[in-house]
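Engineer: Sending over run.cif (mmCIF, C-alpha atoms).
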```cif
data_model
loop_
_atom_site.group_PDB
_atom_site.id
_atom_site.type_symbol
_atom_site.label_atom_id
_atom_site.label_comp_id
_atom_site.auth_asym_id
_atom_site.auth_seq_id
_atom_site.Cartn_x
_atom_site.Cartn_y
_atom_site.Cartn_z
ATOM 1 C CA MET K 1 13.941 -24.196 -58.265
ATOM 2 C CA ASP K 2 11.439 -26.427 -59.973
ATOM 3 C CA LYS K 3 7.660 -26.254 -59.943
ATOM 4 C CA LYS K 4 7.348 -28.898 -57.190
ATOM 5 C CA GLY K 5 9.460 -26.818 -54.794
ATOM 6 C CA ILE K 6 7.404 -23.704 -55.471
ATOM 7 C CA ALA K 7 4.175 -25.676 -54.979
ATOM 8 C CA ILE K 8 5.363 -27.031 -51.608
ATOM 9 C CA ILE K 9 6.301 -23.532 -50.430
ATOM 10 C CA MET K 10 2.908 -22.200 -51.555
ATOM 11 C CA VAL K 11 1.064 -25.062 -49.827
ATOM 12 C CA ILE K 12 3.020 -24.490 -46.599
ATOM 13 C CA GLY K 13 2.313 -20.749 -46.825
ATOM 14 C CA ILE K 14 -1.404 -21.294 -47.407
ATOM 15 C CA LEU K 15 -1.583 -23.858 -44.579
ATOM 16 C CA SER K 16 0.245 -21.446 -42.248
ATOM 17 C CA LEU K 17 -2.170 -18.682 -43.193
ATOM 18 C CA LEU K 18 -5.150 -20.989 -42.599
ATOM 19 C CA LEU K 19 -3.663 -22.043 -39.246
ATOM 20 C CA VAL K 20 -3.259 -18.410 -38.140
ATOM 21 C CA MET K 21 -6.795 -17.610 -39.277
ATOM 22 C CA GLY K 22 -8.181 -20.695 -37.523
ATOM 23 C CA VAL K 23 -6.403 -19.915 -34.234
ATOM 24 C CA SER K 24 -7.548 -16.275 -34.432
ATOM 25 C CA PHE K 25 -11.114 -17.379 -35.107
ATOM 26 C CA LEU K 26 -10.953 -19.850 -32.205
ATOM 27 C CA LEU K 27 -9.630 -17.179 -29.817
ATOM 28 C CA LEU K 28 -12.275 -14.720 -30.995
ATOM 29 C CA MET K 29 -15.009 -17.293 -30.433
ATOM 30 C CA ARG K 30 -13.694 -18.029 -26.921
ATOM 31 C CA LEU K 31 -13.638 -14.310 -26.131
ATOM 32 C CA GLN K 32 -17.196 -13.843 -27.379
ATOM 33 C CA GLU K 33 -18.294 -16.890 -25.404
ATOM 34 C CA LYS K 34 -16.816 -15.367 -22.231
ATOM 35 C CA GLU K 35 -18.454 -12.014 -22.948
ATOM 36 C CA ALA K 36 -21.812 -13.712 -23.467
ATOM 37 C CA ALA K 37 -21.404 -15.677 -20.223
ATOM 38 C CA ASN K 38 -20.461 -12.497 -18.329
ATOM 39 C CA PHE K 39 -23.449 -10.668 -19.784
ATOM 40 C CA LEU K 40 -25.758 -13.534 -18.828
ATOM 41 C CA PHE K 41 -24.272 -13.567 -15.323
ATOM 42 C CA SER K 42 -24.784 -9.803 -14.942
ATOM 43 C CA VAL K 43 -28.407 -10.084 -16.120
ATOM 44 C CA LYS K 44 -29.037 -12.918 -13.649
ATOM 45 C CA ALA K 45 -27.380 -10.939 -10.847
ATOM 46 C CA LYS K 46 -29.448 -7.852 -11.669
ATOM 47 C CA ASN K 47 -32.678 -9.851 -11.754
ATOM 48 C CA THR K 48 -31.788 -11.572 -8.489
ATOM 49 C CA ALA K 49 -31.146 -8.195 -6.862
ATOM 50 C CA LYS K 50 -34.463 -6.933 -8.247
ATOM 51 C CA SER K 51 -36.152 -9.937 -6.633
ATOM 52 C CA GLY K 52 -34.856 -8.820 -3.256
ATOM 53 C CA ILE K 53 -35.930 -5.227 -3.815
ATOM 54 C CA GLU K 54 -39.400 -6.276 -4.969
ATOM 55 C CA GLU K 55 -39.760 -8.573 -1.962
ATOM 56 C CA ALA K 56 -38.921 -5.677 0.367
ATOM 57 C CA ILE K 57 -41.350 -3.349 -1.444
ATOM 58 C CA ILE K 58 -44.149 -5.902 -1.065
ATOM 59 C CA ARG K 59 -43.496 -6.095 2.690
ATOM 60 C CA LEU K 60 -43.374 -2.303 3.041
ATOM 61 C CA LYS K 61 -46.611 -1.816 1.094
ATOM 62 C CA ALA K 62 -48.331 -4.426 3.254
ATOM 63 C CA ASP K 63 -47.429 -2.461 6.410
ATOM 64 C CA LYS K 64 -50.666 -0.671 7.250
ATOM 65 C CA ASN K 65 -50.297 0.195 10.932
ATOM 66 C CA GLY K 66 -49.381 3.680 12.099
ATOM 67 C CA TYR K 67 -46.007 2.861 13.618
ATOM 68 C CA ASP K 68 -42.795 1.066 12.699
ATOM 69 C CA ALA K 69 -41.146 -1.636 14.767
ATOM 70 C CA GLN K 70 -38.430 -4.183 14.101
ATOM 71 C CA THR K 71 -40.924 -6.936 14.866
ATOM 72 C CA GLU K 72 -42.849 -6.152 11.682
ATOM 73 C CA THR K 73 -42.372 -8.311 8.586
ATOM 74 C CA TRP K 74 -40.556 -5.588 6.609
ATOM 75 C CA HIS K 75 -37.704 -6.051 9.073
ATOM 76 C CA SER K 76 -38.100 -9.410 10.791
ATOM 77 C CA ASP K 77 -38.482 -11.459 7.587
ATOM 78 C CA PHE K 78 -35.089 -10.278 6.347
ATOM 79 C CA ALA K 79 -33.215 -10.241 9.662
ATOM 80 C CA GLY K 80 -30.610 -12.904 10.266
ATOM 81 C CA ASP K 81 -27.030 -13.620 11.193
ATOM 82 C CA GLU K 82 -25.585 -14.742 7.861
ATOM 83 C CA ILE K 83 -24.318 -11.530 6.224
ATOM 84 C CA ASP K 84 -23.425 -7.951 7.175
ATOM 85 C CA LEU K 85 -25.163 -5.612 4.729
ATOM 86 C CA ASP K 86 -24.709 -2.287 6.495
ATOM 87 C CA GLY K 87 -20.966 -2.676 7.002
ATOM 88 C CA ASP K 88 -20.959 -2.298 10.776
ATOM 89 C CA GLY K 89 -19.137 -5.589 11.353
ATOM 90 C CA LYS K 90 -22.217 -7.417 12.670
ATOM 91 C CA ASN K 91 -24.244 -9.847 10.605
ATOM 92 C CA ASP K 92 -27.755 -8.471 10.256
ATOM 93 C CA SER K 93 -29.419 -10.292 7.351
ATOM 94 C CA ARG K 94 -29.984 -13.726 5.908
ATOM 95 C CA TRP K 95 -29.702 -15.258 2.455
ATOM 96 C CA PHE K 96 -32.707 -16.140 0.311
ATOM 97 C CA ASN K 97 -31.918 -18.887 -2.193
ATOM 98 C CA LEU K 98 -33.488 -18.990 -5.655
ATOM 99 C CA PHE K 99 -34.041 -22.373 -7.279
ATOM 100 C CA LYS K 100 -35.006 -23.425 -10.787
ATOM 101 C CA LYS K 101 -35.950 -27.062 -11.327
ATOM 102 C CA GLY K 102 -34.321 -27.972 -8.041
ATOM 103 C CA ASN K 103 -31.024 -26.260 -8.877
ATOM 104 C CA LEU K 104 -29.720 -23.235 -7.010
ATOM 105 C CA THR K 105 -29.628 -20.361 -9.507
ATOM 106 C CA GLY K 106 -28.874 -17.461 -7.194
ATOM 107 C CA ARG K 107 -29.374 -15.885 -3.818
ATOM 108 C CA TYR K 108 -30.053 -12.463 -2.400
ATOM 109 C CA SER K 109 -30.094 -10.720 0.923
ATOM 110 C CA VAL K 110 -32.062 -7.653 1.977
ATOM 111 C CA LEU K 111 -31.735 -5.151 4.793
ATOM 112 C CA VAL K 112 -34.558 -2.683 5.397
ATOM 113 C CA LYS K 113 -33.791 0.042 7.926
ATOM 114 C CA ASP K 114 -36.150 2.505 9.526
ATOM 115 C CA GLU K 115 -34.288 5.755 8.901
ATOM 116 C CA GLU K 116 -37.115 7.785 10.440
ATOM 117 C CA GLY K 117 -36.551 6.004 13.734
ATOM 118 C CA LYS K 118 -32.983 7.253 14.013
ATOM 119 C CA LEU K 119 -32.057 10.165 16.227
ATOM 120 C CA ASN K 120 -30.979 13.317 14.433
ATOM 121 C CA ILE K 121 -27.877 14.347 16.361
ATOM 122 C CA ASN K 122 -28.424 17.932 15.192
ATOM 123 C CA GLU K 123 -31.708 18.066 17.103
ATOM 124 C CA ALA K 124 -30.699 16.165 20.226
ATOM 125 C CA GLY K 125 -29.563 17.883 23.395
ATOM 126 C CA ASN K 126 -30.482 21.201 24.968
ATOM 127 C CA LEU K 127 -29.004 24.000 27.017
ATOM 128 C CA SER K 128 -30.716 24.150 30.371
ATOM 129 C CA LYS K 129 -29.895 25.177 33.910
ATOM 130 C CA GLY K 130 -27.133 23.048 35.284
ATOM 131 C CA PHE K 131 -25.728 22.221 31.851
ATOM 132 C CA TYR K 132 -22.322 23.701 32.575
ATOM 133 C CA THR K 133 -22.093 22.540 36.166
ATOM 134 C CA LYS K 134 -23.632 19.091 35.984
ATOM 135 C CA GLU K 135 -24.919 17.057 33.092
ATOM 136 C CA GLN K 136 -27.258 18.245 30.405
ATOM 137 C CA GLY K 137 -30.505 19.441 31.959
ATOM 138 C CA THR K 138 -34.063 18.193 31.948
ATOM 139 C CA ASN K 139 -34.931 15.144 29.928
ATOM 140 C CA GLU K 140 -38.667 14.844 29.651
ATOM 141 C CA GLY K 141 -38.270 13.084 26.307
ATOM 142 C CA TRP K 142 -41.025 14.844 24.411
ATOM 143 C CA LYS K 143 -38.773 15.726 21.488
ATOM 144 C CA PRO K 144 -35.225 14.848 20.398
ATOM 145 C CA ASN K 145 -33.850 18.041 21.939
ATOM 146 C CA GLU K 146 -34.758 16.627 25.356
ATOM 147 C CA ILE K 147 -32.669 13.493 24.907
ATOM 148 C CA LYS K 148 -29.585 13.429 27.075
ATOM 149 C CA LEU K 149 -26.694 13.094 24.647
ATOM 150 C CA THR K 150 -24.400 11.560 27.254
ATOM 151 C CA ALA K 151 -26.808 8.629 27.497
ATOM 152 C CA LEU K 152 -25.989 7.730 23.894
ATOM 153 C CA PRO K 153 -23.087 5.356 23.200
ATOM 154 C CA GLY K 154 -19.801 7.065 22.393
ATOM 155 C CA ILE K 155 -20.824 10.568 23.506
ATOM 156 C CA ASP K 156 -19.127 11.819 26.637
ATOM 157 C CA LYS K 157 -19.854 15.032 28.547
ATOM 158 C CA GLU K 158 -17.329 17.097 26.600
ATOM 159 C CA LEU K 159 -18.591 15.992 23.180
ATOM 160 C CA SER K 160 -22.187 16.525 24.305
ATOM 161 C CA ARG K 161 -21.366 20.082 25.356
ATOM 162 C CA ALA K 162 -19.583 20.777 22.050
ATOM 163 C CA ILE K 163 -22.548 19.507 20.003
ATOM 164 C CA VAL K 164 -25.097 21.531 21.949
ATOM 165 C CA GLU K 165 -22.993 24.706 22.010
ATOM 166 C CA HIS K 166 -22.484 24.489 18.262
ATOM 167 C CA LYS K 167 -26.206 24.010 17.740
ATOM 168 C CA TYR K 168 -27.192 26.957 19.924
ATOM 169 C CA GLY K 169 -24.561 29.361 18.608
ATOM 170 C CA LYS K 170 -22.933 32.347 20.269
ATOM 171 C CA ASP K 171 -26.113 33.791 21.776
ATOM 172 C CA LYS K 172 -26.995 30.395 23.347
ATOM 173 C CA LYS K 173 -30.496 30.610 21.863
ATOM 174 C CA PRO K 174 -31.901 28.037 19.444
ATOM 175 C CA GLY K 175 -32.902 29.540 16.112
ATOM 176 C CA LYS K 176 -33.426 33.265 15.682
ATOM 177 C CA LYS K 177 -34.207 35.149 18.893
ATOM 178 C CA GLY K 178 -37.850 36.222 19.201
ATOM 179 C CA PHE K 179 -38.912 34.353 16.050
ATOM 180 C CA ASP K 180 -40.972 31.134 16.040
ATOM 181 C CA ASP K 181 -38.979 29.556 13.210
ATOM 182 C CA ASN K 182 -40.548 26.108 13.451
ATOM 183 C CA LYS K 183 -44.101 27.374 14.118
ATOM 184 C CA ASN K 184 -44.641 25.356 17.281
ATOM 185 C CA ASN K 185 -44.587 28.030 19.981
ATOM 186 C CA SER K 186 -48.363 28.130 20.499
ATOM 187 C CA GLN K 187 -48.536 24.355 20.919
ATOM 188 C CA LEU K 188 -45.486 24.067 23.150
ATOM 189 C CA SER K 189 -46.495 26.936 25.418
ATOM 190 C CA LYS K 190 -49.721 25.098 26.357
ATOM 191 C CA ASP K 191 -48.592 21.480 26.793
ATOM 192 C CA GLY K 192 -47.313 21.852 30.366
ATOM 193 C CA ILE K 193 -43.859 20.497 29.511
ATOM 194 C CA ASP K 194 -40.587 22.378 29.930
ATOM 195 C CA ASN K 195 -39.859 22.095 26.203
ATOM 196 C CA ASP K 196 -37.092 24.661 26.067
ATOM 197 C CA GLY K 197 -35.330 23.287 29.135
ATOM 198 C CA ASP K 198 -35.301 26.609 30.984
ATOM 199 C CA TRP K 199 -37.023 25.227 34.112
ATOM 200 C CA VAL K 200 -39.983 27.583 33.623
#
```
What do you get writing this file as structure tokens?

Structural biologist:
Amino acid sequence: MDKKGIAIIMVIGILSLLLVMGVSFLLLMRLQEKEAANFLFSVKAKNTAKSGIEEAIIRLKADKNGYDAQTETWHSDFAGDEIDLDGDGKNDSRWFNLFKKGNLTGRYSVLVKDEEGKLNINEAGNLSKGFYTKEQGTNEGWKPNEIKLTALPGIDKELSRAIVEHKYGKDKKPGKKGFDDNKNNSQLSKDGIDNDGDWV
């Protein structure tokens, strides 16, 4: 083999090596470009979500009255029928679009719920006269334990009885017998309401 043949083989080898290096470099650059785009997207998404949270916090801090209602801005401003945020199958919120120089850059949706306004099923219901023969007894509505469980959606008489019996235990007395565990006996004994549902 002469020198020209060896030179051609070396040139082809070097060109092949450069081609492999170039393709590898190109693929690496594409991968880094995708990673950078994904990182930028995640930062934008995080900042957009923070916008929604901050908006809700502003509304909640502005709420100065002594009660909560769904007509207040912390709820009504975010309510809508565009997206289901609590997963109950019903749309409950709306989208807020974010624009930069006239271009849509993102959107967020917020759902603020009044958890304090929910009924604690562990407190609802009481054992009173007539509970085993008719429906749950008196319902003066002063506290959650006076709420008739069967009036709530999805709770029938049998489930209501099971909940209340579990709550009251084997002795059918709430809490520890003869002990004012929630420190409200003096108040409840003077308010003129049948708070313990014993018809007395």

Engineer: Just how far from CA of Lys118 in chain K is CA of Ala69 in chain K, in Å to one decimal?

Structural biologist: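 CA of Lys118 in chain K lies 12.1 Å from CA of Ala69 in chain K.
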
Engineer: Translate the PyMOL selection byres ((chain K and resi 94-110) around 9), as applied to the file shown, into an explicit residue set as a list in words.

Structural biologist: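 In the shown coordinates, the PyMOL selection byres ((chain K and resi 94-110) around 9) covers Lys44, Ala45, Thr48, Ala49, Ser51, Gly52, Ile53, Glu55, Ala56, Asp77, Phe78, Ala79, Gly80, Asp81, Glu82, Ile83, Asp84, Leu85, Asn91, Asp92, Ser93, Leu111 and Val112 of chain K.
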
Engineer: One decimal, in Å: what's the spacing between CA of Ala37 in chain K and CA of Gly22 in chain K?

Structural biologist: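 One can read the CA of Ala37 in chain K to CA of Gly22 in chain K distance as 22.3 Å.
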
Engineer: From the set K:Leu60, K:Lys148, K:Gln187, K:Glu158, which residue has the shortest atom-to-atom contact distance to Lys113 in chain K, counting only C-alpha atoms?

Structural biologist: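 Once distances to Lys113 in chain K are computed over only C-alpha atoms, the minimum belongs to K:Leu60.
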
Engineer: Between CA of Gly5 in chain K and CA of Leu17 in chain K, what is the spacing in Å?

Structural biologist: 18.3 Å
